[in-house]
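> One structure follows; several queries about it will come next.
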Amino acid sequence: MKSYRIATFGCQMNVHDSDRMHEVMQGAGFSEVEAEEGADVIILNTCSVREKAEQKLRSELGKLRQGKAGHPGRVLVVAGCVAQQEGEKLLSRGLGVDLVIGPDNIRELPLLLHDLASGGLPTVRTVFDLDAPQFLTSYGAPSAPSPSERPSAVSTFVTTMKGCNERCTFCIVPTTRGPERYRPSDEILAEVRGLAERGTREVTLLGQTVNSYTDPLGCMEKPSGADPDESEFAALLRAVSKEAPSLRLRYTSPHPRHLTPSLIAAHAELPGLCRHVHLPVQSGSDRVLKRMLRRYTRAEFEARVAALKAAMKSQDGTPGVTLSTDIIVGFPGETDEDFEQTLSLIEAVGFVGVFAFKYSERPFTPALKLKNDVSEEEKSRRLARLFALSEGLTAKHLSTLVGSELEVLIEGRAKKPQAGAEATFSGRSFRNEIVHLQDDRGEQLVGEVVRVRVERSFKHSVLASLTPEAVAQAGRSAPKERGARRLPMLSAAD
Ligand code: SAH
Ligand code: F3S
């Protein structure tokens, strides 16, 4: 049996695509190996959102080309966004690449590998499936093991749309992922139902602008009203919650302009919908937002966030919803004053997680016409100030949780001990706080939603233990069968 290995770079979309590649490869009879040395096929699933990510690929390819000398017949595949962006160029550069495959062509991988093995020439296959978009699921590979034979993940992604119709001037995604295509709602609901039946406890709906959703079947309703940014996403969330009420539900990444009254209402209404939104804002300055073509002003962003917070007040005085964001520093023309406005927005909203990046020039993007005039040193300075502020906000938020109770979905064993405290398991709360648990109940806790009391806070997480009620509940339950639920779900409200 031929062996393969996949190395994944970049965002959650790529992680999800790599999972699908595993299924397609295993369905075609390939077996996964951990070590590169033993692999007959090496697939690099690449990211090109910033130049640094692309540089990583170049150095990886250099290493692999050298390694290829000792492995005649090894096939090197470049997949993902760099594949889509560079196409033929990747074959012509003497990089030792045999196959270049775009994000929409994953299903064709076994066939293309077969052609190569039968003496075919290196190939590029980067065609968007515009006419008949396909959305690979865990049931997607024709001869993959049947769902019942595979273990369920506690938390998993479900694609609802792909591509992006926005034209943010810095962003290469519309080029690498193509225009927006939406998945029919019946397919989404069927996948969600299947996952819930197999024991998955949390689903994250995934898309580049996930909340612009429109059902190609016309089964979801767009709320009537004046707001031009309303989509059918709120109806989709309601339908998913109805289909699988025991699931915890998240989505990523929304565009702020579609954080509309109906989506806010869905947050207030659906107990399984998490109380956390990752809402990329990019900048706090209207001047910069305009040059980025983000299609909202700072005031509009703040108003929508305020409406969300108002709709989700909690009863114990802790925040009813938490927000995280993406920021770009040093966008062309960003002045000190613009940057100060970004800092003030981060503080005003009280983001508890900030993913910040130095602006990086990307091919095919409109911002290339603007002068990249903020020096690298200045970008580094701004990034450091921003991180200092956001780390402080996160730590402060987590410290306010000490003594409060949370509901946590236990996702697995804790990766590393926290300063002096031996945590055994970790998971996330409805507000997406990372919670480490000190408990010796063992694997039976994994995949359960349990109520905990927060004892200590760290920089990025908290340490907690089960409440006496949760301990009593755990004691009463029968030992867990593989895949079976043990502790009953607690009510969703924090
Ligand atoms: N809507 C997508 C955005 C993908 S890009 C999603 O979140 O799913 C992820 C983030 O990378 C963006 O929010 C932006 O903050 C950052 N980014 C994109 N292009 C960039 C560039 N040219 N330079 C620096 N950061 C960039
Ligand atoms: Fe990129 Fe803007 Fe779309 S950040 S993915 S063009 S919403």
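Each chain of the structure tokens is named A, B, ... in the order shown, its residues numbered from 1; ligands are numbered from 1 in display order.
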Counting only C-alpha atoms and all ligand atoms, which residues of chain A sit at most 7 Å from some atom of ligand 1, and what is each one's closest atom pair with its distance in Å to one decimal, listed by chain and rising residue number, as CSV?

residue,atom,partner,partner_atom_place_in_ligand_line,distance
A:Val49,CA,ligand 1,19 (N),5.1
A:Arg50,CA,ligand 1,21 (C),5.2
A:Phe170,CA,ligand 1,22 (N),4.5
A:Cys171,CA,ligand 1,19 (N),4.2
A:Ile172,CA,ligand 1,19 (N),6.4
A:Val173,CA,ligand 1,4 (C),6.5
A:Gly207,CA,ligand 1,8 (O),6.2
A:Gln208,CA,ligand 1,8 (O),4.0
A:Thr209,CA,ligand 1,1 (N),5.2
A:Thr252,CA,ligand 1,8 (O),6.4
A:Ser253,CA,ligand 1,8 (O),4.5
A:Pro254,CA,ligand 1,1 (N),6.9
A:His255,CA,ligand 1,1 (N),6.7
A:Pro280,CA,ligand 1,13 (O),5.4
A:Gln282,CA,ligand 1,15 (O),5.6
A:Asp326,CA,ligand 1,15 (O),4.5
A:Ile327,CA,ligand 1,15 (O),4.9
A:Ile328,CA,ligand 1,15 (O),5.2
A:Ala356,CA,ligand 1,15 (O),6.5
A:Phe357,CA,ligand 1,25 (N),5.0
A:Lys358,CA,ligand 1,24 (C),5.2
A:Tyr359,CA,ligand 1,23 (N),3.8
A:Ser360,CA,ligand 1,23 (N),3.8
A:Glu361,CA,ligand 1,22 (N),5.3
A:Arg362,CA,ligand 1,22 (N),5.4
> Residues of stretch 222-425 of chain A classed as alpha helix (DSSP H) by DSSP on the backbone are to be reported as a PyMOL selection string.
chain A and resi 233-243+261-269+286-292+298-311+336-349+376-399
> Can you pull out every residue from stretch 189-389 of chain A that DSSP, working from the backbone, puts in strand (DSSP E or B), and format the result as a PyMOL selection string?
chain A and resi 202-206+248-252+273+276-278+282+322-329+353-358
> Nearest to ligand 2: which of A:Pro174, A:Pro133, A:Gly94, A:Gly353 is it, counting only C-alpha atoms and all ligand atoms?
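Result for the nearest residue to ligand 2: A:Pro174.
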> Find the residues of stretch 84-168 of chain A that sit at most 12 Å from stretch 398-414 of chain A; for each, write down the nearest two atoms and how far apart they are in Å, to one decimal. Count only C-alpha atoms. Sort by chain, then by number going up, and give it as a Markdown table.

| residue | atom | partner | partner_atom | distance |
| --- | --- | --- | --- | --- |
| A:Ser152 | CA | A:Glu411 | CA | 11.8 |
| A:Ala153 | CA | A:Glu411 | CA | 8.9 |
| A:Val154 | CA | A:Glu411 | CA | 6.1 |
| A:Ser155 | CA | A:Glu411 | CA | 7.4 |
| A:Thr156 | CA | A:Glu411 | CA | 10.9 |
> Any chance you can output those residues with N, CA and C atoms as a CSV table (one decimal), in the first residue's frame?

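Heads up, here's the output in selection37.csv:
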chain,number,residue,atom,x,y,z
A,152,SER,N,-15.5,9.7,16.4
A,152,SER,CA,-16.0,11.0,16.2
A,152,SER,C,-15.1,12.0,16.9
A,153,ALA,N,-15.0,13.2,16.3
A,153,ALA,CA,-14.2,14.2,16.9
A,153,ALA,C,-15.2,15.0,17.9
A,154,VAL,N,-14.7,15.4,19.0
A,154,VAL,CA,-15.5,16.2,19.9
A,154,VAL,C,-16.1,17.4,19.2
A,155,SER,N,-15.1,18.1,18.5
A,155,SER,CA,-15.5,19.4,17.9
A,155,SER,C,-15.0,19.3,16.5
A,156,THR,N,-15.9,19.8,15.5
A,156,THR,CA,-15.5,19.7,14.1
A,156,THR,C,-16.0,20.8,13.3
> Excluding A:Thr424 and residues on its chain fewer than 6 positions from it, collect all residues at most 8 Å away from it, counting only C-alpha atoms, and give them as a list in words.
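The contact residues come out as Arg413, Ala414, His436, Leu437, Gln438, Asp439 and Asp440 of chain A.
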> Using only C-alpha atoms and all ligand atoms, which of the listed residues (A:Phe135, A:Phe430, A:Phe364, A:Phe351) sits closest to ligand 2?
A:Phe364
> What is the atom CA of A:Thr126 to atom CA of A:Ala35 distance in Å?
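Pair atom CA of A:Thr126 / atom CA of A:Ala35 returns 27.7 Å.
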> Under the rule that only C-alpha atoms and all ligand atoms are counted, which of A:Gly225, A:Gly67, A:Gly62, A:Pro366 is the nearest residue to ligand 2?
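The shortest atom-to-atom distance to ligand 2 comes from A:Pro366.
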> Per residue of stretch 155-220 of chain A within 12 Å of stretch 238-243 of chain A, what are the shortest atom pair and its distance in Å to one decimal, counting only C-alpha atoms, with rows by chain and residue number, as JSON lines?

{"residue": "A:Val158", "atom": "CA", "partner": "A:Val240", "partner_atom": "CA", "distance": 11.0}
{"residue": "A:Thr160", "atom": "CA", "partner": "A:Val240", "partner_atom": "CA", "distance": 11.2}
{"residue": "A:Ser185", "atom": "CA", "partner": "A:Ala239", "partner_atom": "CA", "distance": 8.8}
{"residue": "A:Asp186", "atom": "CA", "partner": "A:Ala239", "partner_atom": "CA", "distance": 9.9}
{"residue": "A:Glu187", "atom": "CA", "partner": "A:Val240", "partner_atom": "CA", "distance": 11.1}
{"residue": "A:Ile188", "atom": "CA", "partner": "A:Val240", "partner_atom": "CA", "distance": 8.1}
{"residue": "A:Leu189", "atom": "CA", "partner": "A:Val240", "partner_atom": "CA", "distance": 6.1}
{"residue": "A:Ala190", "atom": "CA", "partner": "A:Glu243", "partner_atom": "CA", "distance": 8.6}
{"residue": "A:Glu191", "atom": "CA", "partner": "A:Val240", "partner_atom": "CA", "distance": 10.0}
{"residue": "A:Val192", "atom": "CA", "partner": "A:Val240", "partner_atom": "CA", "distance": 7.2}
{"residue": "A:Arg193", "atom": "CA", "partner": "A:Glu243", "partner_atom": "CA", "distance": 6.4}
{"residue": "A:Gly194", "atom": "CA", "partner": "A:Glu243", "partner_atom": "CA", "distance": 10.2}
{"residue": "A:Leu195", "atom": "CA", "partner": "A:Glu243", "partner_atom": "CA", "distance": 11.1}
{"residue": "A:Ala196", "atom": "CA", "partner": "A:Glu243", "partner_atom": "CA", "distance": 9.3}
{"residue": "A:Glu197", "atom": "CA", "partner": "A:Glu243", "partner_atom": "CA", "distance": 10.9}
{"residue": "A:Glu202", "atom": "CA", "partner": "A:Ser241", "partner_atom": "CA", "distance": 11.2}
{"residue": "A:Val203", "atom": "CA", "partner": "A:Val240", "partner_atom": "CA", "distance": 9.7}
{"residue": "A:Thr204", "atom": "CA", "partner": "A:Val240", "partner_atom": "CA", "distance": 11.0}
{"residue": "A:Leu205", "atom": "CA", "partner": "A:Val240", "partner_atom": "CA", "distance": 9.7}
{"residue": "A:Asp215", "atom": "CA", "partner": "A:Ala239", "partner_atom": "CA", "distance": 11.8}
{"residue": "A:Cys219", "atom": "CA", "partner": "A:Ala239", "partner_atom": "CA", "distance": 10.1}
{"residue": "A:Met220", "atom": "CA", "partner": "A:Ala239", "partner_atom": "CA", "distance": 8.3}
> Taking only C-alpha atoms into account, name the residue in A:Leu136, A:Leu109, A:Val82, A:Ala266 that is nearest to A:Phe157.
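Ranked by minimum distance to A:Phe157, first place goes to A:Leu136.
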> Just the residues within 7 Å of A:Cys47, please, counting only C-alpha atoms, with nothing from its chain fewer than 3 positions along; format it as a list of chain:residue names.
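These residues fall inside the cut-off: A:Phe9, A:Gly10, A:Ala53, A:Glu54, A:Gly80, A:Cys81, A:Val82.
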> With N, CA and C atoms retained, write the just-selected residues as a compact mmCIF listing (two decimals), in the first residue's frame.

# COMPACT_ATOMS: atom_id res chain seq x y z
N PHE A 9 -0.41 24.23 6.32
CA PHE A 9 -0.06 25.59 6.73
C PHE A 9 -1.34 26.42 6.71
N GLY A 10 -1.38 27.48 7.55
CA GLY A 10 -2.47 28.46 7.40
C GLY A 10 -3.70 28.23 8.25
N ALA A 53 4.12 33.30 5.11
CA ALA A 53 3.59 31.94 4.93
C ALA A 53 4.13 31.36 3.64
N GLU A 54 4.23 32.21 2.62
CA GLU A 54 4.72 31.72 1.33
C GLU A 54 6.21 31.38 1.41
N GLY A 80 -3.59 23.85 -2.02
CA GLY A 80 -3.98 25.05 -1.26
C GLY A 80 -3.79 26.35 -2.01
N CYS A 81 -3.65 27.43 -1.24
CA CYS A 81 -3.71 28.78 -1.84
C CYS A 81 -2.51 29.12 -2.71
N VAL A 82 -1.30 28.67 -2.34
CA VAL A 82 -0.15 28.99 -3.21
C VAL A 82 -0.29 28.23 -4.52
> Please identify all polymer residues within 12 Å of stretch 291-301 of chain A, counting only C-alpha atoms, omitting same-chain residues fewer than 2 positions from it, and present them as a ChimeraX atom specification.
/A:165-171,229,255-260,279-289,303-308,325,327-334,338,341-342,344-346,348-349,359,365-371
> Considering only C-alpha atoms and all ligand atoms, state which residue in the set A:Ser390, A:Gln66, A:Asn14, A:Ser212 is at the smallest distance from ligand 2.
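The closest residue to ligand 2 is A:Ser212.
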> Give me the residues within 10 Å of A:Val75 as a PDB file with N, CA and C atoms, in the first residue's frame, counting only C-alpha atoms and dropping any in the same chain fewer than 5 places off.

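Wrote it out as out02.pdb, contents follow:
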ATOM      1  N   TYR A   4       1.433   8.198   2.441  1.00  0.00           N
ATOM      2  CA  TYR A   4       1.418   9.636   2.179  1.00  0.00           C
ATOM      3  C   TYR A   4       1.536  10.410   3.490  1.00  0.00           C
ATOM      4  N   ALA A  39       7.360   8.494   3.392  1.00  0.00           N
ATOM      5  CA  ALA A  39       6.164   8.774   2.573  1.00  0.00           C
ATOM      6  C   ALA A  39       6.441   8.680   1.077  1.00  0.00           C
ATOM      7  N   ASP A  40       5.554   7.987   0.350  1.00  0.00           N
ATOM      8  CA  ASP A  40       5.656   7.938  -1.117  1.00  0.00           C
ATOM      9  C   ASP A  40       5.094   9.224  -1.734  1.00  0.00           C
ATOM     10  N   VAL A  41       4.097   9.802  -1.061  1.00  0.00           N
ATOM     11  CA  VAL A  41       3.490  11.040  -1.555  1.00  0.00           C
ATOM     12  C   VAL A  41       3.552  12.077  -0.430  1.00  0.00           C
ATOM     13  N   ILE A  42       4.099  13.245  -0.713  1.00  0.00           N
ATOM     14  CA  ILE A  42       4.100  14.320   0.292  1.00  0.00           C
ATOM     15  C   ILE A  42       3.245  15.464  -0.234  1.00  0.00           C
ATOM     16  N   ILE A  43       2.251  15.851   0.561  1.00  0.00           N
ATOM     17  CA  ILE A  43       1.349  16.930   0.142  1.00  0.00           C
ATOM     18  C   ILE A  43       1.579  18.131   1.058  1.00  0.00           C
ATOM     19  N   LYS A  68      14.441  14.366  -2.023  1.00  0.00           N
ATOM     20  CA  LYS A  68      13.893  13.547  -3.107  1.00  0.00           C
ATOM     21  C   LYS A  68      14.974  12.678  -3.770  1.00  0.00           C
ATOM     22  N   GLY A  96      11.075  20.497  -8.072  1.00  0.00           N
ATOM     23  CA  GLY A  96      10.806  19.069  -7.838  1.00  0.00           C
ATOM     24  C   GLY A  96       9.334  18.781  -7.585  1.00  0.00           C
ATOM     25  N   VAL A  97       8.461  19.743  -7.933  1.00  0.00           N
ATOM     26  CA  VAL A  97       7.024  19.552  -7.690  1.00  0.00           C
ATOM     27  C   VAL A  97       6.427  18.715  -8.831  1.00  0.00           C
ATOM     28  N   ASP A  98       5.607  17.724  -8.472  1.00  0.00           N
ATOM     29  CA  ASP A  98       5.013  16.851  -9.486  1.00  0.00           C
ATOM     30  C   ASP A  98       3.562  17.193  -9.772  1.00  0.00           C
ATOM     31  N   LEU A  99       2.888  17.742  -8.752  1.00  0.00           N
ATOM     32  CA  LEU A  99       1.455  17.975  -8.907  1.00  0.00           C
ATOM     33  C   LEU A  99       1.074  19.252  -8.165  1.00  0.00           C
ATOM     34  N   LEU A 113      -2.795  11.304  -9.143  1.00  0.00           N
ATOM     35  CA  LEU A 113      -1.639  10.525  -8.669  1.00  0.00           C
ATOM     36  C   LEU A 113      -1.501   9.247  -9.503  1.00  0.00           C
ATOM     37  N   LEU A 116       0.094  10.081 -12.799  1.00  0.00           N
ATOM     38  CA  LEU A 116       1.542  10.286 -12.636  1.00  0.00           C
ATOM     39  C   LEU A 116       2.258   8.942 -12.542  1.00  0.00           C
ATOM     40  N   ALA A 117       1.674   8.039 -11.746  1.00  0.00           N
ATOM     41  CA  ALA A 117       2.297   6.727 -11.544  1.00  0.00           C
ATOM     42  C   ALA A 117       2.333   5.930 -12.852  1.00  0.00           C
ATOM     43  N   PRO A 122       4.229  15.921 -14.963  1.00  0.00           N
ATOM     44  CA  PRO A 122       3.767  16.798 -13.874  1.00  0.00           C
ATOM     45  C   PRO A 122       2.576  17.647 -14.321  1.00  0.00           C
TER      46      PRO A 122
END
> Quick one: everything within 9 Å of A:Gly102, counting only C-alpha atoms, minus sequence neighbours fewer than 6 positions away in the same chain. Send it as a list in words.
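The filter keeps Val78, Ala79, Gly80, Cys81, Val82, Ala83, Gln84, Gln85, Gly87, Val124, Arg125, Thr126, Val127, Phe128, Thr176 and Arg177 of chain A.
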> Quick one, how far is atom CA of A:His267 from atom CA of A:Pro468?
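For atom CA of A:His267 relative to atom CA of A:Pro468, the distance reads 29.6 Å.
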> Do you have the atom CA of A:Leu91-atom 4 (S, counted along the ligand's line) of ligand 2 distance handy?
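Here the two named atoms are 28.7 Å from each other.
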